[in-house]
$ cat protein28.csv   # CSV, C-alpha atoms and all ligand atoms
chain,number,residue,atom,x,y,z
D,1,MET,CA,14.8,1.9,49.3
D,2,ASN,CA,11.4,1.8,51.0
D,3,ASN,CA,11.3,-1.4,53.2
D,4,ASP,CA,7.6,-1.0,54.1
D,5,ILE,CA,6.4,-1.8,50.6
D,6,LYS,CA,6.8,-5.1,48.8
D,7,CYS,CA,6.8,-6.2,45.2
D,8,ARG,CA,3.4,-7.3,43.9
D,9,PHE,CA,5.0,-10.3,42.3
D,10,CYS,CA,7.8,-11.6,44.4
D,11,GLY,CA,7.5,-9.7,47.7
D,12,GLY,CA,11.0,-8.2,47.3
D,13,PRO,CA,12.0,-4.7,48.4
D,14,LEU,CA,11.2,-1.7,46.1
D,15,ALA,CA,13.6,1.0,44.9
D,16,ALA,CA,12.5,4.4,43.5
D,17,PHE,CA,12.1,4.5,39.7
D,18,VAL,CA,10.3,7.8,38.9
D,19,ASP,CA,8.1,10.2,40.8
D,20,LEU,CA,5.5,12.1,38.8
D,21,GLY,CA,4.1,14.0,41.7
D,22,MET,CA,0.4,14.1,42.6
D,23,SER,CA,-2.1,13.3,39.9
D,24,PRO,CA,-5.8,12.7,39.6
D,25,LEU,CA,-7.1,9.4,38.1
D,26,CYS,CA,-6.4,9.9,34.4
D,27,GLU,CA,-9.7,8.6,33.2
D,28,SER,CA,-11.8,10.7,35.6
D,29,TYR,CA,-13.1,13.3,33.2
D,30,LEU,CA,-15.1,16.0,34.8
D,31,ALA,CA,-18.6,17.4,34.0
D,32,GLN,CA,-19.1,21.1,34.2
D,33,ASP,CA,-20.9,20.8,37.5
D,34,GLN,CA,-17.9,19.1,39.1
D,35,LEU,CA,-15.5,21.9,38.4
D,36,ASN,CA,-16.1,23.6,41.7
D,37,SER,CA,-15.7,20.5,43.8
D,38,MET,CA,-12.7,19.0,45.4
D,39,GLU,CA,-10.9,16.5,43.1
D,40,PRO,CA,-8.8,13.6,44.6
D,41,PHE,CA,-5.1,13.6,43.7
D,42,TYR,CA,-3.0,10.6,44.5
D,43,PRO,CA,0.8,10.1,44.4
D,44,LEU,CA,2.0,8.9,41.0
D,45,ALA,CA,5.4,7.3,41.8
D,46,ALA,CA,6.8,4.2,40.2
D,47,TYR,CA,9.2,1.7,41.9
D,48,VAL,CA,11.4,-1.1,40.7
D,49,CYS,CA,11.7,-4.3,42.7
D,50,SER,CA,15.3,-4.9,43.6
D,51,ASP,CA,14.9,-8.7,43.4
D,52,CYS,CA,12.8,-9.3,40.2
D,53,LEU,CA,13.1,-5.8,38.6
D,54,LEU,CA,9.3,-5.5,38.0
D,55,VAL,CA,8.4,-1.8,37.7
D,56,GLN,CA,5.2,-1.0,39.6
D,57,LEU,CA,3.1,1.4,41.5
D,58,GLN,CA,2.1,1.1,45.1
D,59,GLU,CA,-1.7,0.6,45.6
D,60,TYR,CA,-2.8,4.2,45.8
D,61,VAL,CA,-6.4,3.7,44.8
D,62,ALA,CA,-8.7,0.7,45.1
D,63,PRO,CA,-9.2,-1.0,41.7
D,64,GLU,CA,-13.0,-0.9,42.1
D,65,HIS,CA,-12.8,2.9,42.2
D,66,ILE,CA,-10.9,3.0,39.0
D,67,PHE,CA,-12.5,0.5,36.7
D,68,SER,CA,-16.2,0.4,37.6
D,69,GLU,CA,-17.0,3.2,35.0
D,70,TYR,CA,-14.3,3.6,32.5
D,71,ALA,CA,-14.2,6.2,29.8
D,72,TYR,CA,-11.9,4.3,27.5
D,73,PHE,CA,-13.9,3.1,24.6
D,74,SER,CA,-11.5,1.2,22.3
D,75,ALA,CA,-13.7,1.5,19.2
D,76,TYR,CA,-12.8,5.2,18.5
D,77,SER,CA,-9.4,4.8,16.8
D,78,ASP,CA,-9.2,3.5,13.2
D,79,ALA,CA,-5.6,2.3,13.6
D,80,TRP,CA,-6.6,0.4,16.8
D,81,LEU,CA,-9.6,-1.3,15.1
D,82,ALA,CA,-7.4,-2.3,12.2
D,83,HIS,CA,-4.9,-3.7,14.6
D,84,ALA,CA,-7.6,-5.8,16.2
D,85,ARG,CA,-8.9,-7.1,12.9
D,86,GLN,CA,-5.5,-8.1,11.7
D,87,TYR,CA,-4.8,-9.9,15.0
D,88,VAL,CA,-8.0,-11.9,14.8
D,89,GLU,CA,-7.2,-13.0,11.2
D,90,MET,CA,-3.7,-14.0,12.1
D,91,ILE,CA,-4.5,-15.9,15.3
D,92,THR,CA,-7.6,-17.7,13.8
D,93,GLU,CA,-5.3,-19.1,11.1
D,94,ARG,CA,-2.3,-19.8,13.3
D,95,LEU,CA,-4.3,-21.7,16.0
D,96,ARG,CA,-6.9,-23.1,13.4
D,97,LEU,CA,-9.8,-21.7,15.5
D,98,GLY,CA,-13.3,-22.6,14.4
D,99,PRO,CA,-16.9,-23.0,15.7
D,100,ALA,CA,-15.7,-25.7,18.2
D,101,SER,CA,-13.1,-23.4,19.7
D,102,HIS,CA,-13.6,-21.0,22.6
D,103,VAL,CA,-12.0,-17.6,23.0
D,104,ILE,CA,-11.9,-15.6,26.2
D,105,GLU,CA,-10.7,-12.0,26.4
D,106,LEU,CA,-9.7,-10.5,29.7
D,107,GLY,CA,-10.5,-6.7,29.8
D,108,SER,CA,-12.7,-7.1,26.7
D,109,ASN,CA,-13.8,-3.4,27.0
D,110,ASP,CA,-16.6,-2.6,24.5
D,111,GLY,CA,-16.1,-5.8,22.5
D,112,TYR,CA,-14.2,-4.2,19.6
D,113,LEU,CA,-11.9,-7.2,19.3
D,114,LEU,CA,-14.2,-10.1,20.1
D,115,GLN,CA,-16.7,-8.8,17.5
D,116,PHE,CA,-14.3,-10.0,14.8
D,117,PHE,CA,-14.4,-13.6,16.2
D,118,VAL,CA,-18.2,-13.4,16.4
D,119,GLU,CA,-18.3,-12.5,12.7
D,120,ARG,CA,-16.4,-15.7,12.0
D,121,GLY,CA,-18.7,-17.9,14.1
D,122,ILE,CA,-16.1,-18.5,16.8
D,123,PRO,CA,-17.7,-18.6,20.3
D,124,VAL,CA,-16.4,-15.9,22.7
D,125,LEU,CA,-16.6,-14.7,26.2
D,126,GLY,CA,-15.5,-11.2,27.3
D,127,ILE,CA,-14.7,-10.4,30.9
D,128,ASP,CA,-14.5,-6.8,32.0
D,129,PRO,CA,-15.4,-4.9,35.3
D,130,ALA,CA,-16.7,-1.7,33.7
D,131,ALA,CA,-20.5,-2.0,33.4
D,132,ASN,CA,-20.8,1.0,31.1
D,133,VAL,CA,-18.5,-0.3,28.3
D,134,VAL,CA,-19.9,-3.8,28.7
D,135,LYS,CA,-23.3,-2.5,27.6
D,136,ALA,CA,-21.7,-1.4,24.3
D,137,ALA,CA,-20.2,-4.9,24.0
D,138,GLU,CA,-23.5,-6.6,24.3
D,139,GLN,CA,-25.0,-4.4,21.6
D,140,ARG,CA,-22.3,-5.8,19.4
D,141,GLY,CA,-23.3,-9.4,20.2
D,142,VAL,CA,-20.3,-10.0,22.5
D,143,PRO,CA,-21.4,-11.9,25.6
D,144,THR,CA,-19.5,-10.3,28.6
D,145,LEU,CA,-19.2,-11.1,32.2
D,146,VAL,CA,-19.0,-7.9,34.4
D,147,ARG,CA,-16.3,-9.0,36.8
D,148,PHE,CA,-12.6,-8.5,37.7
D,149,PHE,CA,-10.7,-11.5,36.4
D,150,SER,CA,-8.9,-13.4,39.2
D,151,ILE,CA,-8.1,-16.9,40.3
D,152,GLU,CA,-11.6,-17.1,41.9
D,153,THR,CA,-13.4,-16.1,38.6
D,154,ALA,CA,-11.2,-18.5,36.7
D,155,ARG,CA,-12.0,-21.5,39.0
D,156,GLU,CA,-15.8,-20.7,38.8
D,157,LEU,CA,-15.5,-20.7,35.0
D,158,ALA,CA,-13.4,-23.9,34.8
D,159,GLU,CA,-15.8,-25.7,37.2
D,160,ALA,CA,-18.7,-24.7,35.0
D,161,GLY,CA,-16.8,-26.2,32.0
D,162,THR,CA,-15.8,-22.8,30.5
D,163,MET,CA,-12.2,-23.1,29.3
D,164,ALA,CA,-10.3,-21.5,26.5
D,165,ASP,CA,-8.4,-22.5,23.4
D,166,LEU,CA,-7.2,-18.9,23.3
D,167,VAL,CA,-7.0,-16.4,26.2
D,168,ILE,CA,-6.4,-12.8,25.1
D,169,GLY,CA,-5.2,-9.9,27.2
D,170,ILE,CA,-4.5,-6.6,25.5
D,171,ASN,CA,-3.2,-3.9,27.8
D,172,VAL,CA,-4.9,-5.6,30.8
D,173,LEU,CA,-2.0,-7.3,32.6
D,174,ALA,CA,-0.9,-3.9,33.9
D,175,GLN,CA,-4.3,-3.3,35.4
D,176,ALA,CA,-4.4,-6.5,37.5
D,177,ALA,CA,-4.1,-5.3,41.1
D,178,ASN,CA,-3.4,-8.9,42.2
D,179,LEU,CA,-0.9,-9.9,39.5
D,180,ASN,CA,-0.3,-13.4,40.8
D,181,SER,CA,-4.0,-14.2,41.1
D,182,PHE,CA,-4.6,-12.9,37.5
D,183,VAL,CA,-1.8,-14.9,35.9
D,184,GLU,CA,-2.7,-18.1,37.9
D,185,GLY,CA,-6.3,-17.5,36.7
D,186,ILE,CA,-5.1,-17.6,33.0
D,187,ARG,CA,-3.4,-21.0,33.7
D,188,VAL,CA,-6.6,-22.3,35.2
D,189,ILE,CA,-8.9,-21.4,32.3
D,190,LEU,CA,-6.4,-22.4,29.6
D,191,LYS,CA,-7.2,-25.8,28.0
D,192,PRO,CA,-4.3,-28.3,28.1
D,193,ARG,CA,-3.2,-27.3,24.5
D,194,GLY,CA,-4.5,-23.7,24.8
D,195,VAL,CA,-2.5,-20.6,24.1
D,196,CYS,CA,-2.7,-17.2,25.7
D,197,THR,CA,-1.5,-14.0,24.0
D,198,ILE,CA,-0.8,-11.0,26.2
D,199,GLU,CA,0.1,-7.5,24.9
D,200,PHE,CA,1.6,-4.8,27.0
D,201,PRO,CA,3.6,-1.6,26.4
D,202,ARG,CA,7.2,-2.6,26.5
D,203,LEU,CA,9.3,-1.2,29.3
D,204,LEU,CA,12.5,-1.0,27.2
D,205,LYS,CA,10.7,1.5,24.9
D,206,THR,CA,9.1,3.4,27.8
D,207,MET,CA,12.6,3.9,29.2
D,208,THR,CA,14.6,4.6,26.0
D,209,GLU,CA,12.0,6.9,24.5
D,210,ASN,CA,11.0,8.8,27.7
D,211,GLN,CA,7.5,7.6,27.5
D,212,PHE,CA,6.8,8.5,31.2
D,213,ASP,CA,3.2,9.3,30.3
D,214,GLN,CA,2.6,5.5,30.0
D,215,ILE,CA,2.6,5.6,33.8
D,216,TYR,CA,-0.7,6.2,35.4
D,217,HIS,CA,-2.7,4.9,38.4
D,218,GLU,CA,-4.7,2.5,36.2
D,219,HIS,CA,-1.5,0.7,35.3
D,220,PHE,CA,-0.1,-1.0,38.4
D,221,CYS,CA,2.8,-2.8,36.6
D,222,TYR,CA,5.2,-2.2,33.7
D,223,PHE,CA,6.7,-5.2,32.1
D,224,SER,CA,9.8,-6.2,30.2
D,225,GLY,CA,10.1,-9.5,28.3
D,226,LEU,CA,12.4,-10.6,31.2
D,227,THR,CA,9.9,-9.9,34.0
D,228,ALA,CA,7.0,-11.4,32.0
D,229,GLU,CA,9.0,-14.6,31.5
D,230,LYS,CA,9.6,-14.8,35.3
D,231,ILE,CA,6.0,-14.3,36.1
D,232,PHE,CA,4.5,-16.7,33.6
D,233,SER,CA,7.1,-19.3,34.5
D,234,ALA,CA,6.2,-19.0,38.2
D,235,HIS,CA,2.7,-19.8,37.2
D,236,GLY,CA,3.4,-23.0,35.3
D,237,MET,CA,3.4,-21.4,31.8
D,238,ARG,CA,6.1,-21.0,29.1
D,239,ILE,CA,6.5,-18.1,26.7
D,240,PHE,CA,7.1,-19.7,23.3
D,241,ASP,CA,6.9,-16.8,21.0
D,242,VAL,CA,7.0,-13.0,21.0
D,243,GLU,CA,6.2,-10.2,18.6
D,244,GLU,CA,7.1,-6.6,18.7
D,245,LEU,CA,4.2,-4.3,17.9
D,246,TRP,CA,3.9,-0.5,17.1
D,247,THR,CA,0.9,-0.1,19.5
D,248,HIS,CA,1.2,2.3,22.5
D,249,GLY,CA,4.6,3.5,21.3
D,250,GLY,CA,6.0,0.0,21.2
D,251,SER,CA,4.5,-3.1,22.7
D,252,LEU,CA,5.2,-6.8,23.1
D,253,ARG,CA,2.8,-9.6,22.3
D,254,ILE,CA,3.8,-12.7,24.1
D,255,TYR,CA,2.5,-16.2,23.4
D,256,ALA,CA,2.3,-18.6,26.3
D,257,CYS,CA,1.2,-22.2,26.8
D,258,HIS,CA,1.2,-24.7,29.7
D,259,ALA,CA,4.9,-25.3,30.7
D,260,GLY,CA,4.6,-29.0,29.8
D,261,ASP,CA,2.8,-28.6,26.4
D,262,THR,CA,5.2,-29.8,23.8
D,263,THR,CA,3.0,-28.8,20.9
D,264,HIS,CA,4.4,-25.3,21.0
D,265,PRO,CA,8.2,-25.4,20.7
D,266,SER,CA,10.0,-22.2,21.9
D,267,LEU,CA,10.8,-20.0,19.0
D,268,PRO,CA,14.1,-18.1,18.5
D,269,ALA,CA,12.3,-14.7,18.8
D,270,VAL,CA,12.0,-15.3,22.6
D,271,SER,CA,15.7,-15.9,23.3
D,272,SER,CA,16.6,-13.1,20.9
D,273,LEU,CA,14.4,-10.6,22.8
D,274,MET,CA,15.7,-11.7,26.2
D,275,LEU,CA,19.2,-11.3,25.0
D,276,ARG,CA,18.6,-7.7,23.7
D,277,GLU,CA,16.9,-6.8,27.0
D,278,ARG,CA,19.9,-8.1,28.9
D,279,GLU,CA,22.3,-6.2,26.5
D,280,ALA,CA,20.2,-3.0,27.3
D,281,GLY,CA,20.8,-3.7,31.0
D,282,LEU,CA,17.2,-4.4,32.0
D,283,ASP,CA,18.5,-7.3,34.1
D,284,ARG,CA,20.5,-4.9,36.4
D,285,LEU,CA,19.0,-2.5,38.9
D,286,GLU,CA,21.5,0.4,38.0
D,287,THR,CA,19.9,0.7,34.6
D,288,TYR,CA,16.7,1.9,36.2
D,289,ALA,CA,18.4,4.7,38.2
D,290,ASP,CA,18.7,7.4,35.5
D,291,PHE,CA,15.2,7.3,34.0
D,292,ALA,CA,13.9,9.9,36.5
D,293,GLU,CA,16.4,12.6,35.4
D,294,ARG,CA,15.6,12.0,31.7
D,295,VAL,CA,11.9,12.5,32.5
D,296,ARG,CA,12.6,15.8,34.3
D,297,ALA,CA,14.6,16.9,31.2
D,298,THR,CA,11.7,16.0,28.9
D,299,LYS,CA,9.4,18.2,31.0
D,300,ARG,CA,11.8,21.1,30.9
D,301,LYS,CA,12.1,20.9,27.1
D,302,LEU,CA,8.3,20.7,26.5
D,303,LEU,CA,7.7,23.7,28.9
D,304,SER,CA,10.5,25.7,27.2
D,305,PHE,CA,8.8,25.2,23.9
D,306,LEU,CA,5.3,26.1,25.2
D,307,ILE,CA,6.6,29.2,27.0
D,308,ALA,CA,8.4,30.4,23.9
D,309,ALA,CA,5.4,29.9,21.7
D,310,LYS,CA,3.0,31.7,24.1
D,311,SER,CA,5.5,34.5,24.5
D,312,CYS,CA,5.3,35.2,20.8
D,313,GLY,CA,1.5,35.2,20.9
D,314,LYS,CA,0.9,31.9,19.3
D,315,SER,CA,-2.3,29.9,20.0
D,316,LEU,CA,-2.0,26.3,21.2
D,317,VAL,CA,-4.6,23.6,21.5
D,318,GLY,CA,-4.5,19.8,22.2
D,319,TYR,CA,-5.6,16.9,20.2
D,320,GLY,CA,-7.0,13.9,22.1
D,321,ALA,CA,-7.9,13.3,25.7
D,322,PRO,CA,-6.1,10.0,26.4
D,323,GLY,CA,-5.1,8.8,29.8
D,324,LYS,CA,-1.4,9.3,28.9
D,325,GLY,CA,-2.2,12.9,28.0
D,326,ASN,CA,-3.5,13.5,31.5
D,327,THR,CA,-0.3,12.2,33.1
D,328,LEU,CA,1.8,14.4,30.8
D,329,LEU,CA,-0.3,17.6,31.4
D,330,ASN,CA,-0.6,17.1,35.2
D,331,TYR,CA,3.1,16.3,35.6
D,332,CYS,CA,4.2,19.2,33.5
D,333,GLY,CA,1.6,21.6,35.0
D,334,ILE,CA,0.1,22.5,31.5
D,335,ARG,CA,-3.4,23.9,32.0
D,336,ALA,CA,-5.7,26.2,30.0
D,337,ASP,CA,-3.0,28.8,30.4
D,338,PHE,CA,-1.1,27.0,27.7
D,339,LEU,CA,-3.7,24.9,25.8
D,340,ASP,CA,-7.0,26.7,25.0
D,341,TYR,CA,-8.8,23.4,24.7
D,342,THR,CA,-8.4,19.9,23.5
D,343,VAL,CA,-10.6,17.8,21.1
D,344,ASP,CA,-11.6,14.1,21.1
D,345,ARG,CA,-13.6,11.9,18.7
D,346,ASN,CA,-15.1,10.1,21.7
D,347,PRO,CA,-18.5,11.6,22.4
D,348,TYR,CA,-18.3,10.4,26.0
D,349,LYS,CA,-15.5,12.9,26.6
D,350,GLN,CA,-16.8,15.8,24.6
D,351,GLY,CA,-18.3,18.6,26.8
D,352,LYS,CA,-16.2,17.3,29.7
D,353,TYR,CA,-13.0,18.6,31.2
D,354,LEU,CA,-9.6,16.9,31.6
D,355,PRO,CA,-9.0,15.7,35.2
D,356,GLY,CA,-6.7,17.9,37.2
D,357,THR,CA,-5.9,20.5,34.5
D,358,HIS,CA,-9.6,21.3,33.7
D,359,ILE,CA,-8.9,21.8,30.0
D,360,PRO,CA,-12.2,21.7,28.1
D,361,ILE,CA,-12.8,18.9,25.6
D,362,PHE,CA,-14.6,19.7,22.3
D,363,PRO,CA,-15.4,17.7,19.2
D,364,PRO,CA,-12.6,17.8,16.6
D,365,GLU,CA,-14.4,20.3,14.3
D,366,LYS,CA,-13.5,23.0,16.8
D,367,ILE,CA,-9.9,23.1,15.4
D,368,ALA,CA,-11.1,24.2,11.9
D,369,GLU,CA,-13.3,26.9,13.6
D,370,THR,CA,-10.5,28.4,15.7
D,371,ARG,CA,-7.4,27.8,13.4
D,372,PRO,CA,-4.8,27.5,16.1
D,373,ASP,CA,-1.0,27.9,15.4
D,374,TYR,CA,-0.1,24.6,17.1
D,375,VAL,CA,-1.8,21.4,17.9
D,376,LEU,CA,-0.2,19.3,20.7
D,377,VAL,CA,-0.7,15.7,19.8
D,378,LEU,CA,-1.4,14.0,23.2
D,379,PRO,CA,-1.9,10.4,21.8
D,380,TRP,CA,1.6,10.6,20.2
D,381,ASN,CA,1.5,6.9,19.6
D,382,LEU,CA,-1.2,7.5,17.0
D,383,LYS,CA,0.4,10.6,15.5
D,384,ASP,CA,0.5,9.4,11.9
D,385,GLU,CA,-3.2,8.8,11.9
D,386,ILE,CA,-4.0,12.1,13.6
D,387,MET,CA,-1.7,14.2,11.4
D,388,ALA,CA,-3.3,12.7,8.3
D,389,GLN,CA,-6.8,13.4,9.6
D,390,LEU,CA,-5.9,17.0,10.6
D,391,SER,CA,-3.7,17.7,7.6
D,392,TYR,CA,-6.0,20.7,6.8
D,393,ILE,CA,-4.4,22.7,9.6
D,394,ARG,CA,-1.5,23.3,7.2
D,395,GLY,CA,-3.9,25.4,5.1
D,396,TRP,CA,-3.6,28.2,7.7
D,397,GLY,CA,0.0,27.5,8.6
D,398,GLY,CA,-0.8,25.3,11.6
D,399,ARG,CA,1.8,22.9,12.8
D,400,PHE,CA,1.8,19.8,15.0
D,401,VAL,CA,3.7,19.4,18.2
D,402,VAL,CA,4.6,15.9,19.3
D,403,PRO,CA,5.8,15.8,22.9
D,404,ILE,CA,7.4,12.3,23.2
D,405,PRO,CA,10.2,11.1,23.0
D,406,GLU,CA,11.5,14.7,22.5
D,407,VAL,CA,9.4,17.7,21.8
D,408,SER,CA,9.3,18.1,18.0
D,409,VAL,CA,7.3,20.4,15.7
D,410,VAL,CA,6.2,19.0,12.3
D,501,ZN,ZN,9.8,-8.5,42.7
$ encode --input "protein28.csv" --output "structure tokens" --more "lines below"
Ligand SMILES: [Zn+2]
Amino acid sequence: MNNDIKCRFCGGPLAAFVDLGMSPLCESYLAQDQLNSMEPFYPLAAYVCSDCLLVQLQEYVAPEHIFSEYAYFSAYSDAWLAHARQYVEMITERLRLGPASHVIELGSNDGYLLQFFVERGIPVLGIDPAANVVKAAEQRGVPTLVRFFSIETARELAEAGTMADLVIGINVLAQAANLNSFVEGIRVILKPRGVCTIEFPRLLKTMTENQFDQIYHEHFCYFSGLTAEKIFSAHGMRIFDVEELWTHGGSLRIYACHAGDTTHPSLPAVSSLMLREREAGLDRLETYADFAERVRATKRKLLSFLIAAKSCGKSLVGYGAPGKGNTLLNYCGIRADFLDYTVDRNPYKQGKYLPGTHIPIFPPEKIAETRPDYVLVLPWNLKDEIMAQLSYIRGWGGRFVVPIPEVSVV
């Protein structure tokens, strides 16, 4: 127990959860002329609050440093875009949104989601601190405020009359350095009958499926349904529905409204999820204690496979350059000695090098040119899409290696 550090939500004392050693910021891709320079590495250790059980990092890096230029352009995955489109269709109908409604997305990135509301004539506002991705959003016709979302931003918007029928946050709650200010801000901009939907990777899946590569400096907190309920309730909101999604290896989408809003009765999915999480022990500190050893075992198994493959003279390359891949490669110490290169569809990353491991990133066509024996799928959460796109590797006997939850060759 480290008594010097306190929980971001409740101020309680923190206990160790998992220590992934020293790692660079996982979205800090390097240009060739940066390869000979010093590269900052920060501790990547996660803790669990002994009082409220929120899993979290300490503040190792100032958020301004992480998010002012962000390489993650959402619009480069087909499965992800389809997910966004389906969400917009579903929520527009469920909340009967129209030209008189207002939708605000926190962490709106390059506008890939809000563009589908714009197509339907529904007014939107995106909020995102990364100036480079916001430029792409504005080209899509998505008005975007270049700001961190906080209680101050929320009050300014509300005072100017900008409030939302729908507030959306997809994989952004984890990035709020000041969690309480962020969630209170949602309450402030939510109209009296408004709804917010928040998606986040689900801690239960992270733990049961060894998804330790979901942990990186950009994600300050890791939520279960139980902790999300405590946090929203502390800020005057009530979770009235929840859906389980396939995204990011298993996510939750929670629906919340003002605590006193009776137009949204609590649905059985909420109590059912909370019950299952309690049955899995997520309400007890002991449950969090054995994750670290399972993570170390996953590392040993992946390295054993890679060493055996290399020893028989096989060639290995990576597919993808996602943030999670960088956590995995840095924690396991996998560099160009194991992976000749990786590829990515995102032109922003091509020609650059992975942070820490300095593995070069090429366009996907490189795989057909070099015909490797194995392709390690780093965004394993998109493995079906990727294996379908790359099915041609089977033509020369190539196979896919999926590292999580257990190393498997397919
Ligand atoms: Zn706490």
$ closest_residue --input "protein28.csv" --among "D:Ala228, D:Ala176, D:Lys205, D:His219" --to "ligand ZN 501 (chain D)" --atoms "only C-alpha atoms and all ligand atoms"
D:Ala228
$ closest_atom_pairs --input "protein28.csv" --of "region 186-271 of chain D" --to "region 85-95 of chain D" --cutoff "10 Å" --atoms "only C-alpha atoms" --output "JSON lines"
{"residue": "D:Gly194", "atom": "CA", "partner": "D:Leu95", "partner_atom": "CA", "distance": 9.0}
{"residue": "D:Val195", "atom": "CA", "partner": "D:Leu95", "partner_atom": "CA", "distance": 8.4}
{"residue": "D:Thr197", "atom": "CA", "partner": "D:Ile91", "partner_atom": "CA", "distance": 9.4}
$ closest_residue --input "protein28.csv" --among "D:Arg96, D:Lys191, D:Arg399, D:Lys230" --to "ligand ZN 501 (chain D)" --atoms "all atoms listed in the file"
D:Lys230
$ closest_residue --input "protein28.csv" --among "D:Val103, D:Val48, D:Val377, D:Leu20" --to "ligand ZN 501 (chain D)" --atoms "all atoms listed in the file"
D:Val48
$ atom_distance --input "protein28.csv" --atom1 "CA of Ser271 (chain D)" --atom2 "CA of Glu243 (chain D)"
12.0 Å
$ atom_distance --input "protein28.csv" --atom1 "CA of Pro201 (chain D)" --atom2 "CA of Ile361 (chain D)"
26.3 Å
$ residues_near_ligand --input "protein28.csv" --ligand "ligand ZN 501 (chain D)" --cutoff "7 Å" --atoms "only C-alpha atoms and all ligand atoms" --output "PyMOL selection string"
chain D and resi 7-12+49-54
$ closest_residue --input "protein28.csv" --among "D:Ala388, D:Leu173, D:Ala131, D:Val409" --to "Phe220 (chain D)" --atoms "all atoms listed in the file"
D:Leu173
$ atom_distance --input "protein28.csv" --atom1 "CA of Val133 (chain D)" --atom2 "CA of Asp78 (chain D)"
18.1 Å
$ residues_near_point --input "protein28.csv" --point "(6.7, -26.6, 24.5)" --cutoff "12 Å" --atoms "only C-alpha atoms" --output "ChimeraX atom specification"
/D:192-195,236-241,255-267
$ closest_residue --input "protein28.csv" --among "D:Gln214, D:Thr153, D:Asn171, D:Thr206" --to "Ile186 (chain D)" --atoms "only C-alpha atoms"
D:Thr153
$ residues_around --input "protein28.csv" --residues "Tyr216 (chain D)" --least-positions-apart "5" --cutoff "7 Å" --atoms "only C-alpha atoms" --output "list of chain:residue names"
D:Cys26, D:Leu44, D:Thr327
$ closest_residue --input "protein28.csv" --among "D:Leu354, D:Leu378, D:Ala280, D:Ala174" --to "Gly325 (chain D)" --atoms "all atoms listed in the file"
D:Leu378
$ residues_around --input "protein28.csv" --residues "Phe338 (chain D)" --least-positions-apart "3" --cutoff "12 Å" --atoms "all atoms listed in the file" --output "NGL selection string"
:D and (302-311 or 313-318 or 329 or 332-335 or 341-342 or 357-359 or 374-376)
$ residues_near_point --input "protein28.csv" --point "(-4.2, 13.3, 11.3)" --cutoff "12 Å" --atoms "only C-alpha atoms" --output "MDAnalysis selection string"
chainID D and resid 77:79 319:320 364 375:377 379:394 399:400 410
$ residues_around --input "protein28.csv" --residues "Leu273 (chain D)" --least-positions-apart "5" --cutoff "9 Å" --atoms "only C-alpha atoms" --output "ChimeraX atom specification"
/D:225-226,242,268,278
$ write_last_selection --input "protein28.csv" --atoms "C-alpha atoms" --output "mmCIF file, in the frame of the given file"
data_model
loop_
_atom_site.group_PDB
_atom_site.id
_atom_site.type_symbol
_atom_site.label_atom_id
_atom_site.label_comp_id
_atom_site.auth_asym_id
_atom_site.auth_seq_id
_atom_site.Cartn_x
_atom_site.Cartn_y
_atom_site.Cartn_z
ATOM 1 C CA GLY D 225 10.100 -9.500 28.300
ATOM 2 C CA LEU D 226 12.400 -10.600 31.200
ATOM 3 C CA VAL D 242 7.000 -13.000 21.000
ATOM 4 C CA PRO D 268 14.100 -18.100 18.500
ATOM 5 C CA ARG D 278 19.900 -8.100 28.900
#
$ residues_around --input "protein28.csv" --residues "Met22 (chain D)" --least-positions-apart "3" --cutoff "10 Å" --atoms "all atoms listed in the file" --output "list in words"
Asp19, Leu25, Pro40, Phe41, Tyr42, Pro43, Leu44, Ala45, Thr327, Asn330, Tyr331 and Gly356 of chain D
$ build_atoms --input "protein28.csv" --residues "region 287-295 of chain D" --atoms "N, CA and C atoms" --output "tab-separated table (two decimals), in the coordinates of the input"
chain	number	residue	atom	x	y	z
D	287	THR	N	20.47	0.17	35.81
D	287	THR	CA	19.90	0.70	34.60
D	287	THR	C	18.67	1.56	34.83
D	288	TYR	N	17.96	1.23	35.92
D	288	TYR	CA	16.70	1.90	36.20
D	288	TYR	C	16.88	3.25	36.89
D	289	ALA	N	18.12	3.54	37.28
D	289	ALA	CA	18.40	4.70	38.20
D	289	ALA	C	18.29	6.03	37.43
D	290	ASP	N	18.63	6.08	36.12
D	290	ASP	CA	18.70	7.40	35.50
D	290	ASP	C	17.45	7.81	34.73
D	291	PHE	N	16.41	6.99	34.77
D	291	PHE	CA	15.20	7.30	34.00
D	291	PHE	C	14.57	8.62	34.60
D	292	ALA	N	14.55	8.76	35.91
D	292	ALA	CA	13.90	9.90	36.50
D	292	ALA	C	14.46	11.23	36.03
D	293	GLU	N	15.78	11.31	35.89
D	293	GLU	CA	16.40	12.60	35.40
D	293	GLU	C	16.01	12.84	33.96
D	294	ARG	N	15.93	11.79	33.14
D	294	ARG	CA	15.60	12.00	31.70
D	294	ARG	C	14.12	12.48	31.62
D	295	VAL	N	13.27	12.01	32.53
D	295	VAL	CA	11.90	12.50	32.50
D	295	VAL	C	11.81	13.94	32.89
